[in-house]
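Asker: So here's target-v7.cif, just mmCIF, C-alpha atoms:
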```
data_coords
#
loop_
_atom_site.label_atom_id
_atom_site.label_comp_id
_atom_site.auth_asym_id
_atom_site.auth_seq_id
_atom_site.Cartn_x
_atom_site.Cartn_y
_atom_site.Cartn_z
CA MET A 1 -95.63 31.58 -323.48
CA TYR A 2 -92.22 31.63 -321.81
CA LYS A 3 -91.18 30.98 -318.23
CA ILE A 4 -88.43 33.37 -317.14
CA ALA A 5 -86.54 33.64 -313.85
CA LEU A 6 -85.84 36.79 -311.86
CA LEU A 7 -82.17 37.77 -311.91
CA SER A 8 -82.20 40.91 -309.76
CA LYS A 9 -84.27 43.89 -308.65
CA GLU A 10 -83.47 47.44 -307.58
CA THR A 11 -85.09 50.75 -306.74
CA VAL A 12 -84.56 53.26 -309.57
CA ALA A 13 -86.65 56.16 -308.20
CA ASP A 14 -88.88 56.86 -305.23
CA GLY A 15 -91.63 54.27 -305.39
CA THR A 16 -90.30 52.73 -308.63
CA MET A 17 -88.49 49.41 -309.02
CA LEU A 18 -86.63 47.78 -311.89
CA PHE A 19 -86.68 43.99 -312.36
CA HIS A 20 -84.22 42.03 -314.49
CA PHE A 21 -85.26 38.61 -315.79
CA LYS A 22 -83.39 35.98 -317.77
CA LYS A 23 -84.13 36.46 -321.48
CA PRO A 24 -85.02 33.40 -323.56
CA ALA A 25 -82.71 33.11 -326.57
CA GLU A 26 -85.69 32.83 -328.92
CA PHE A 27 -87.55 35.87 -327.53
CA LYS A 28 -87.20 38.60 -330.17
CA TYR A 29 -88.72 42.07 -329.97
CA GLN A 30 -88.35 45.66 -331.12
CA ALA A 31 -87.43 48.39 -328.67
CA GLY A 32 -90.66 49.99 -327.43
CA GLN A 33 -92.81 46.86 -327.48
CA SER A 34 -94.53 45.35 -324.45
CA LEU A 35 -95.23 41.97 -322.88
CA ASP A 36 -97.83 40.41 -320.61
CA MET A 37 -96.46 39.02 -317.34
CA THR A 38 -98.32 36.48 -315.22
CA LEU A 39 -97.34 35.49 -311.69
CA VAL A 40 -96.91 31.75 -311.20
CA GLU A 41 -98.71 30.38 -308.14
CA PRO A 42 -98.51 33.64 -306.14
CA LYS A 43 -99.05 33.53 -302.39
CA GLU A 44 -101.86 36.07 -302.73
CA THR A 45 -104.11 37.49 -305.40
CA ASP A 46 -106.93 40.01 -305.68
CA ALA A 47 -109.67 41.16 -308.02
CA GLU A 48 -107.14 42.73 -310.40
CA GLY A 49 -105.72 39.29 -311.19
CA ASN A 50 -102.25 37.88 -311.72
CA THR A 51 -101.42 39.35 -315.13
CA ARG A 52 -100.14 42.80 -316.06
CA ALA A 53 -98.91 44.42 -319.28
CA PHE A 54 -95.48 46.04 -319.12
CA SER A 55 -93.40 47.94 -321.64
CA ILE A 56 -90.04 46.25 -322.03
CA ALA A 57 -87.48 48.60 -320.51
CA SER A 58 -84.41 46.78 -321.83
CA SER A 59 -83.08 47.14 -325.35
CA PRO A 60 -82.85 44.07 -327.61
CA GLN A 61 -79.04 44.16 -327.31
CA GLU A 62 -79.10 43.58 -323.56
CA ASP A 63 -78.85 40.01 -322.31
CA PHE A 64 -81.82 40.30 -319.95
CA LEU A 65 -85.47 41.38 -320.04
CA ALA A 66 -86.27 44.34 -317.80
CA ILE A 67 -89.50 45.90 -316.61
CA ALA A 68 -89.91 48.92 -314.36
CA THR A 69 -93.04 49.77 -312.43
CA ARG A 70 -94.47 52.06 -309.82
CA MET A 71 -95.05 50.03 -306.67
CA ARG A 72 -98.66 50.11 -305.46
CA ASP A 73 -100.27 48.30 -302.56
CA THR A 74 -101.86 45.51 -304.60
CA ALA A 75 -101.41 41.76 -304.40
CA PHE A 76 -99.55 41.71 -307.73
CA LYS A 77 -97.12 44.48 -306.77
CA ARG A 78 -96.55 43.07 -303.27
CA THR A 79 -95.69 39.70 -304.78
CA LEU A 80 -93.38 41.33 -307.31
CA HIS A 81 -91.69 43.42 -304.61
CA ASP A 82 -91.01 40.38 -302.43
CA MET A 83 -89.83 38.13 -305.25
CA VAL A 84 -86.42 36.51 -304.74
CA PRO A 85 -83.90 35.62 -307.48
CA ASN A 86 -84.74 32.53 -309.55
CA THR A 87 -88.49 32.97 -308.97
CA GLU A 88 -90.25 32.29 -312.28
CA VAL A 89 -92.96 34.28 -314.00
CA ALA A 90 -94.71 33.58 -317.30
CA ILE A 91 -94.63 36.05 -320.18
CA GLN A 92 -96.36 36.38 -323.53
CA GLY A 93 -95.47 38.71 -326.36
CA PRO A 94 -94.04 40.85 -327.67
CA PHE A 95 -96.97 43.13 -328.42
CA GLY A 96 -97.55 46.54 -329.97
CA SER A 97 -96.24 48.85 -332.67
CA PHE A 98 -94.84 51.55 -330.38
CA PHE A 99 -91.38 51.54 -331.92
CA LEU A 100 -89.19 53.96 -333.86
CA HIS A 101 -90.26 54.89 -337.39
CA GLU A 102 -87.96 54.10 -340.31
CA ASN A 103 -87.82 57.51 -342.03
CA THR A 104 -84.56 58.94 -340.66
CA LYS A 105 -85.33 62.40 -342.06
CA ARG A 106 -88.16 62.89 -339.57
CA PRO A 107 -87.19 63.55 -335.93
CA ALA A 108 -88.75 61.50 -333.15
CA ILE A 109 -90.20 63.62 -330.34
CA PHE A 110 -90.81 61.61 -327.16
CA LEU A 111 -93.21 63.08 -324.58
CA SER A 112 -93.03 61.13 -321.34
CA GLY A 113 -94.31 61.41 -317.80
CA GLY A 114 -93.25 59.29 -314.84
CA ILE A 115 -93.13 55.55 -315.47
CA GLY A 116 -93.99 56.21 -319.12
CA ILE A 117 -90.23 56.47 -319.61
CA THR A 118 -89.80 52.68 -319.90
CA PRO A 119 -90.36 52.23 -323.67
CA PHE A 120 -88.29 55.33 -324.39
CA ARG A 121 -85.39 54.02 -322.33
CA ALA A 122 -85.39 50.94 -324.58
CA ILE A 123 -85.79 52.89 -327.84
CA ILE A 124 -83.06 55.43 -327.04
CA LYS A 125 -80.61 52.79 -325.83
CA ASP A 126 -81.30 50.67 -328.91
CA ALA A 127 -80.77 53.65 -331.24
CA THR A 128 -77.54 54.48 -329.45
CA GLU A 129 -76.22 50.92 -329.62
CA ARG A 130 -77.10 50.60 -333.32
CA LEU A 131 -75.76 54.08 -334.18
CA LEU A 132 -79.07 55.00 -335.81
CA PRO A 133 -79.07 58.43 -337.51
CA HIS A 134 -82.54 59.45 -336.25
CA THR A 135 -82.81 62.75 -334.38
CA LEU A 136 -84.30 61.90 -330.96
CA LEU A 137 -85.69 64.50 -328.57
CA LEU A 138 -87.08 63.37 -325.21
CA PHE A 139 -89.24 65.59 -323.00
CA TYR A 140 -89.37 63.86 -319.61
CA SER A 141 -91.66 65.28 -316.92
CA ASN A 142 -91.55 64.37 -313.22
CA ARG A 143 -92.48 66.05 -309.97
CA ARG A 144 -88.91 65.86 -308.61
CA PRO A 145 -85.55 64.36 -309.63
CA GLU A 146 -86.14 61.76 -306.93
CA ASP A 147 -89.15 60.50 -308.94
CA ALA A 148 -87.36 60.31 -312.31
CA ALA A 149 -86.41 56.73 -313.16
CA PHE A 150 -83.32 56.31 -315.40
CA LEU A 151 -82.53 60.04 -315.25
CA GLU A 152 -78.77 59.61 -314.80
CA GLU A 153 -78.64 56.90 -317.45
CA LEU A 154 -80.49 59.12 -319.91
CA GLN A 155 -78.06 61.95 -319.20
CA ASN A 156 -75.20 59.57 -319.98
CA LEU A 157 -76.88 58.38 -323.18
CA GLN A 158 -77.11 62.00 -324.29
CA LYS A 159 -73.33 62.23 -323.93
CA ARG A 160 -72.86 59.07 -325.98
CA ASN A 161 -75.38 59.81 -328.73
CA PRO A 162 -74.97 63.14 -330.58
CA ASN A 163 -78.43 62.67 -332.13
CA PHE A 164 -80.21 62.47 -328.77
CA THR A 165 -81.33 65.45 -326.68
CA LEU A 166 -82.86 65.10 -323.20
CA VAL A 167 -85.18 67.81 -321.89
CA ALA A 168 -86.05 66.80 -318.33
CA THR A 169 -88.49 69.03 -316.49
CA MET A 170 -89.64 69.05 -312.86
CA THR A 171 -93.07 70.27 -311.74
CA ASP A 172 -92.77 70.22 -307.92
CA MET A 173 -89.22 71.15 -306.96
CA GLU A 174 -90.46 72.75 -303.73
CA LYS A 175 -90.76 69.21 -302.35
CA SER A 176 -87.33 68.05 -303.54
CA ALA A 177 -84.20 67.69 -301.45
CA ARG A 178 -81.99 67.93 -304.55
CA SER A 179 -80.79 70.82 -306.65
CA TRP A 180 -82.04 71.13 -310.22
CA ASN A 181 -80.68 73.26 -313.06
CA GLY A 182 -82.96 72.00 -315.82
CA GLU A 183 -86.42 72.96 -317.00
CA ARG A 184 -89.30 73.43 -314.56
CA GLY A 185 -93.02 73.19 -315.10
CA TYR A 186 -95.27 71.08 -317.27
CA ILE A 187 -94.58 70.27 -320.89
CA ASP A 188 -96.39 72.95 -322.88
CA GLN A 189 -96.29 74.58 -326.29
CA ALA A 190 -93.65 77.12 -325.23
CA MET A 191 -91.32 74.34 -324.06
CA LEU A 192 -91.84 72.35 -327.24
CA ARG A 193 -91.25 75.40 -329.40
CA LYS A 194 -88.03 76.15 -327.52
CA TYR A 195 -86.42 72.85 -328.50
CA ILE A 196 -88.15 71.54 -331.65
CA PRO A 197 -86.81 73.10 -334.87
CA GLU A 198 -89.44 74.70 -337.07
CA ASN A 199 -90.57 72.79 -340.15
CA SER A 200 -88.79 69.63 -339.00
CA GLU A 201 -91.94 67.47 -339.49
CA PRO A 202 -91.42 65.23 -336.45
CA ILE A 203 -93.34 62.17 -335.38
CA TYR A 204 -94.55 62.36 -331.79
CA TYR A 205 -94.54 59.48 -329.30
CA LEU A 206 -96.50 59.86 -326.05
CA ALA A 207 -96.28 57.55 -323.02
CA GLY A 208 -97.29 57.94 -319.40
CA PRO A 209 -100.36 58.09 -317.16
CA ALA A 210 -103.62 58.33 -319.10
CA THR A 211 -104.27 61.92 -317.96
CA MET A 212 -100.83 63.04 -319.12
CA VAL A 213 -101.20 61.32 -322.50
CA ALA A 214 -104.65 62.89 -322.98
CA ALA A 215 -103.25 66.34 -322.15
CA MET A 216 -100.37 65.93 -324.61
CA ARG A 217 -102.69 64.69 -327.37
CA ALA A 218 -104.95 67.71 -326.80
CA LEU A 219 -101.93 70.05 -326.90
CA LEU A 220 -100.68 68.62 -330.18
CA SER A 221 -104.17 68.58 -331.70
CA LYS A 222 -104.68 72.21 -330.73
CA HIS A 223 -101.59 73.07 -332.73
CA GLU A 224 -102.78 71.11 -335.75
CA ILE A 225 -100.45 68.13 -335.47
CA SER A 226 -101.98 65.36 -337.58
CA GLY A 227 -103.17 62.27 -335.74
CA ASP A 228 -101.12 60.26 -338.25
CA ASP A 229 -97.99 61.78 -336.71
CA ILE A 230 -98.89 60.90 -333.10
CA ARG A 231 -98.31 57.51 -331.49
CA PHE A 232 -99.17 56.86 -327.87
CA GLU A 233 -99.17 54.35 -325.02
CA GLU A 234 -101.35 54.91 -321.95
CA PHE A 235 -100.15 53.49 -318.64
CA THR A 236 -103.22 52.60 -316.59
CA GLY A 237 -103.19 50.87 -313.21
CA TYR A 238 -99.43 51.16 -313.00
#
```
Will you turn the file into structure tokens for me?
Answerer:
Amino acid sequence: MYKIALLSKETVADGTMLFHFKKPAEFKYQAGQSLDMTLVEPKETDAEGNTRAFSIASSPQEDFLAIATRMRDTAFKRTLHDMVPNTEVAIQGPFGSFFLHENTKRPAIFLSGGIGITPFRAIIKDATERLLPHTLLLFYSNRRPEDAAFLEELQNLQKRNPNFTLVATMTDMEKSARSWNGERGYIDQAMLRKYIPENSEPIYYLAGPATMVAAMRALLSKHEISGDDIRFEEFTGY
């Protein structure tokens, strides 16, 4: 277990905040892994407890640890929201095998909804920093641009990394105050077919709310994608 101090916090989308913590020098992880965070002597608690699992949003090259989360009206999230710099939390990890495969001949297809973007932000940034040759294709679904955490950063990473393609899609633009020239509607077979080259034998990575992950798994299964080629992370209670 490590004790780490809050460095800064910011809002990165409507209802979503990003928290930067000091990274212990000995804390090593692979982009896409997660950690367990426990509040230290919080002013309030509830039945859900003081510990949550978070995907690490920062890449290993960055000199901080970052998590991003949807802010809900729970004791844990209220405490996190009100936290001031230098407040300490305890972490354990890293955990999980949700990281990029080694076979560079097989494209990585990322299917993400909402806050499920956090591990993909880390993986894509890491691949860009290390100049990895993997073909990366991210489908990123949100209701509106206002809800899409890291959208501008991902657009900039696409400019930096010729192997990375971002397909952002919005499902509820009628409620947006912004303009949008990208895809609209839910991720479906037609959208996948439009961007994924035939016979490319990709490996699929799914992350987001449990209902979204279940829908994407059903979609891939329907089109005879082997379970061995699907990796997923469900975000529950986020």
Asker: Output the residue selection produced by the PyMOL selection byres ((chain A and resi 39) around 9) on the file above, formatted as a list in words.
Answerer: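 Expected selection for the PyMOL selection byres ((chain A and resi 39) around 9) here is Met37, Thr38, Val40, Glu41, Pro42, Asn50, Thr51, Arg52, Phe76, Thr79, Leu80, Glu88, Val89, Ala90 and Ile91 of chain A.
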Asker: Find the residue from A:Asn161, A:Asn156, A:Thr16, A:Thr118 that sits nearest to Leu137 (chain A); use only C-alpha atoms when measuring.
Answerer: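 Counting only C-alpha atoms, the residue closest to Leu137 (chain A) is A:Asn161.
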Asker: Please determine, counting only C-alpha atoms, which residue among A:Tyr204, A:Lys194, A:Phe19, A:Met173 has the shortest atom-to-atom distance to Leu138 (chain A).
Answerer: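 Checking each candidate against Leu138 (chain A), we get A:Tyr204 as the closest.
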Asker: So which residues fall inside 8 Å of (-83.9, 42.3, -329.9) if we count all atoms listed in the file? Mind giving them as a VMD selection string?
Answerer: chain A and resid 27 to 31 59 to 61
Asker: With C-alpha atoms retained, export the selected residues as a PDB file, in the coordinates of the input.
Answerer:
```pdb
ATOM      1  CA  PHE A  27     -87.550  35.870-327.530  1.00  0.00           C
ATOM      2  CA  LYS A  28     -87.200  38.600-330.170  1.00  0.00           C
ATOM      3  CA  TYR A  29     -88.720  42.070-329.970  1.00  0.00           C
ATOM      4  CA  GLN A  30     -88.350  45.660-331.120  1.00  0.00           C
ATOM      5  CA  ALA A  31     -87.430  48.390-328.670  1.00  0.00           C
ATOM      6  CA  SER A  59     -83.080  47.140-325.350  1.00  0.00           C
ATOM      7  CA  PRO A  60     -82.850  44.070-327.610  1.00  0.00           C
ATOM      8  CA  GLN A  61     -79.040  44.160-327.310  1.00  0.00           C
TER       9      GLN A  61
END
```
Asker: Just give me the gap between CA of Gly185 (chain A) and CA of Arg70 (chain A) in Å, one decimal is fine.
Answerer: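 Between these atoms lies a distance of 21.8 Å.
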Asker: List the spatial neighbours of region 126-134 of chain A as JSON, numbers by chain - criterion: any atom at most 12 Å away, only C-alpha atoms, same-chain residues fewer than 6 positions off excluded.
Answerer: {"A": [29, 30, 31, 32, 56, 57, 58, 59, 60, 61, 62, 99, 100, 101, 102, 103, 104, 105, 106, 107, 108, 109, 119, 120, 154, 156, 157, 158, 159, 160, 161, 162, 163, 164, 165, 202, 203]}
Asker: Nearest residue to Met191 (chain A) out of A:Ser141, A:Ser226, A:Thr135, A:Ser34, using only C-alpha atoms?
Answerer: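 Of A:Ser141, A:Ser226, A:Thr135, A:Ser34, the one nearest Met191 (chain A) is A:Ser141, counting only C-alpha atoms.
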Asker: Grab the CA of Asp46 (chain A) to CA of Phe232 (chain A) distance for me, in Å with one decimal place.
Answerer: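 Calculated distance between CA of Asp46 (chain A) and CA of Phe232 (chain A) is 28.9 Å.
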Asker: Once the PyMOL selection byres ((chain A and resi 182) around 7) has been evaluated on this model, what residues remain selected, and can you format them as number ranges by chain?
Answerer: A: 168-169, 180-181, 183-184
Asker: Measuring between all atoms listed in the file, which one of A:Asp228, A:Ala215, A:Thr87, A:Asn142 shows the shortest distance to Glu201 (chain A)?
Answerer: A:Asp228
Asker: Spell out the residues picked by the PyMOL selection byres ((chain A and resi 148) around 9) here, as a list of chain:residue names.
Answerer: A:Val12, A:Ala13, A:Asp14, A:Thr16, A:Gly113, A:Gly114, A:Ile115, A:Ile117, A:Tyr140, A:Ser141, A:Asn142, A:Arg143, A:Arg144, A:Pro145, A:Glu146, A:Asp147, A:Ala149, A:Phe150, A:Leu151, A:Glu152, A:Ala168
Asker: For the point (-83.7, 38.1, -308.9) in file coordinates, what residues are within 10 Å, counting all atoms listed in the file? Give the answer as a list in words?
Answerer: Ala5, Leu6, Leu7, Ser8, Lys9, Glu10, Phe19, His20, Phe21, Lys22, Met83, Val84, Pro85, Asn86, Thr87 and Glu88 of chain A
Asker: In Å, how far is it from CA of Leu220 (chain A) to CA of Gly96 (chain A)?
Answerer: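 Going from CA of Leu220 (chain A) over to CA of Gly96 (chain A) covers 22.3 Å.
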Asker: Could you check which of A:Gln92, A:Ser221, A:Ser55, A:Thr11 is closest to Asp36 (chain A), using only C-alpha atoms?
Answerer: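 Among A:Gln92, A:Ser221, A:Ser55, A:Thr11, it is A:Gln92 that comes nearest to Asp36 (chain A).
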Asker: Working from the structure I just supplied, which lacks atoms in region 83-97 of chain A, can you model N, CA and C atoms there and output them as a short mmCIF file (atom, residue, chain, number, x, y, z; two decimals), in the coordinates of the input?
Answerer:
```cif
data_model
loop_
_atom_site.label_atom_id
_atom_site.label_comp_id
_atom_site.auth_asym_id
_atom_site.auth_seq_id
_atom_site.Cartn_x
_atom_site.Cartn_y
_atom_site.Cartn_z
N MET A 83 -90.37 39.23 -304.47
CA MET A 83 -89.83 38.13 -305.25
C MET A 83 -88.32 38.00 -305.05
N VAL A 84 -87.84 36.77 -304.93
CA VAL A 84 -86.42 36.51 -304.74
C VAL A 84 -85.85 35.98 -306.05
N PRO A 85 -84.52 36.13 -306.26
CA PRO A 85 -83.90 35.62 -307.48
C PRO A 85 -84.24 34.15 -307.74
N ASN A 86 -84.39 33.86 -309.03
CA ASN A 86 -84.74 32.53 -309.55
C ASN A 86 -86.24 32.24 -309.49
N THR A 87 -87.04 33.13 -308.89
CA THR A 87 -88.49 32.97 -308.97
C THR A 87 -88.93 33.12 -310.42
N GLU A 88 -89.81 32.25 -310.89
CA GLU A 88 -90.25 32.29 -312.28
C GLU A 88 -91.58 33.00 -312.44
N VAL A 89 -91.70 33.71 -313.55
CA VAL A 89 -92.96 34.28 -314.00
C VAL A 89 -93.19 33.81 -315.43
N ALA A 90 -94.41 33.93 -315.91
CA ALA A 90 -94.71 33.58 -317.30
C ALA A 90 -94.93 34.86 -318.10
N ILE A 91 -94.44 34.87 -319.33
CA ILE A 91 -94.63 36.05 -320.18
C ILE A 91 -95.17 35.62 -321.54
N GLN A 92 -95.90 36.54 -322.16
CA GLN A 92 -96.36 36.38 -323.53
C GLN A 92 -96.05 37.66 -324.28
N GLY A 93 -95.77 37.54 -325.55
CA GLY A 93 -95.47 38.71 -326.36
C GLY A 93 -94.38 38.39 -327.36
N PRO A 94 -93.79 39.43 -327.94
CA PRO A 94 -94.04 40.85 -327.67
C PRO A 94 -95.29 41.36 -328.37
N PHE A 95 -95.77 42.52 -327.88
CA PHE A 95 -96.97 43.13 -328.42
C PHE A 95 -96.71 44.59 -328.78
N GLY A 96 -97.52 45.10 -329.71
CA GLY A 96 -97.55 46.54 -329.97
C GLY A 96 -96.67 47.00 -331.12
N SER A 97 -96.99 48.22 -331.57
CA SER A 97 -96.24 48.85 -332.67
C SER A 97 -95.64 50.18 -332.24
#
```
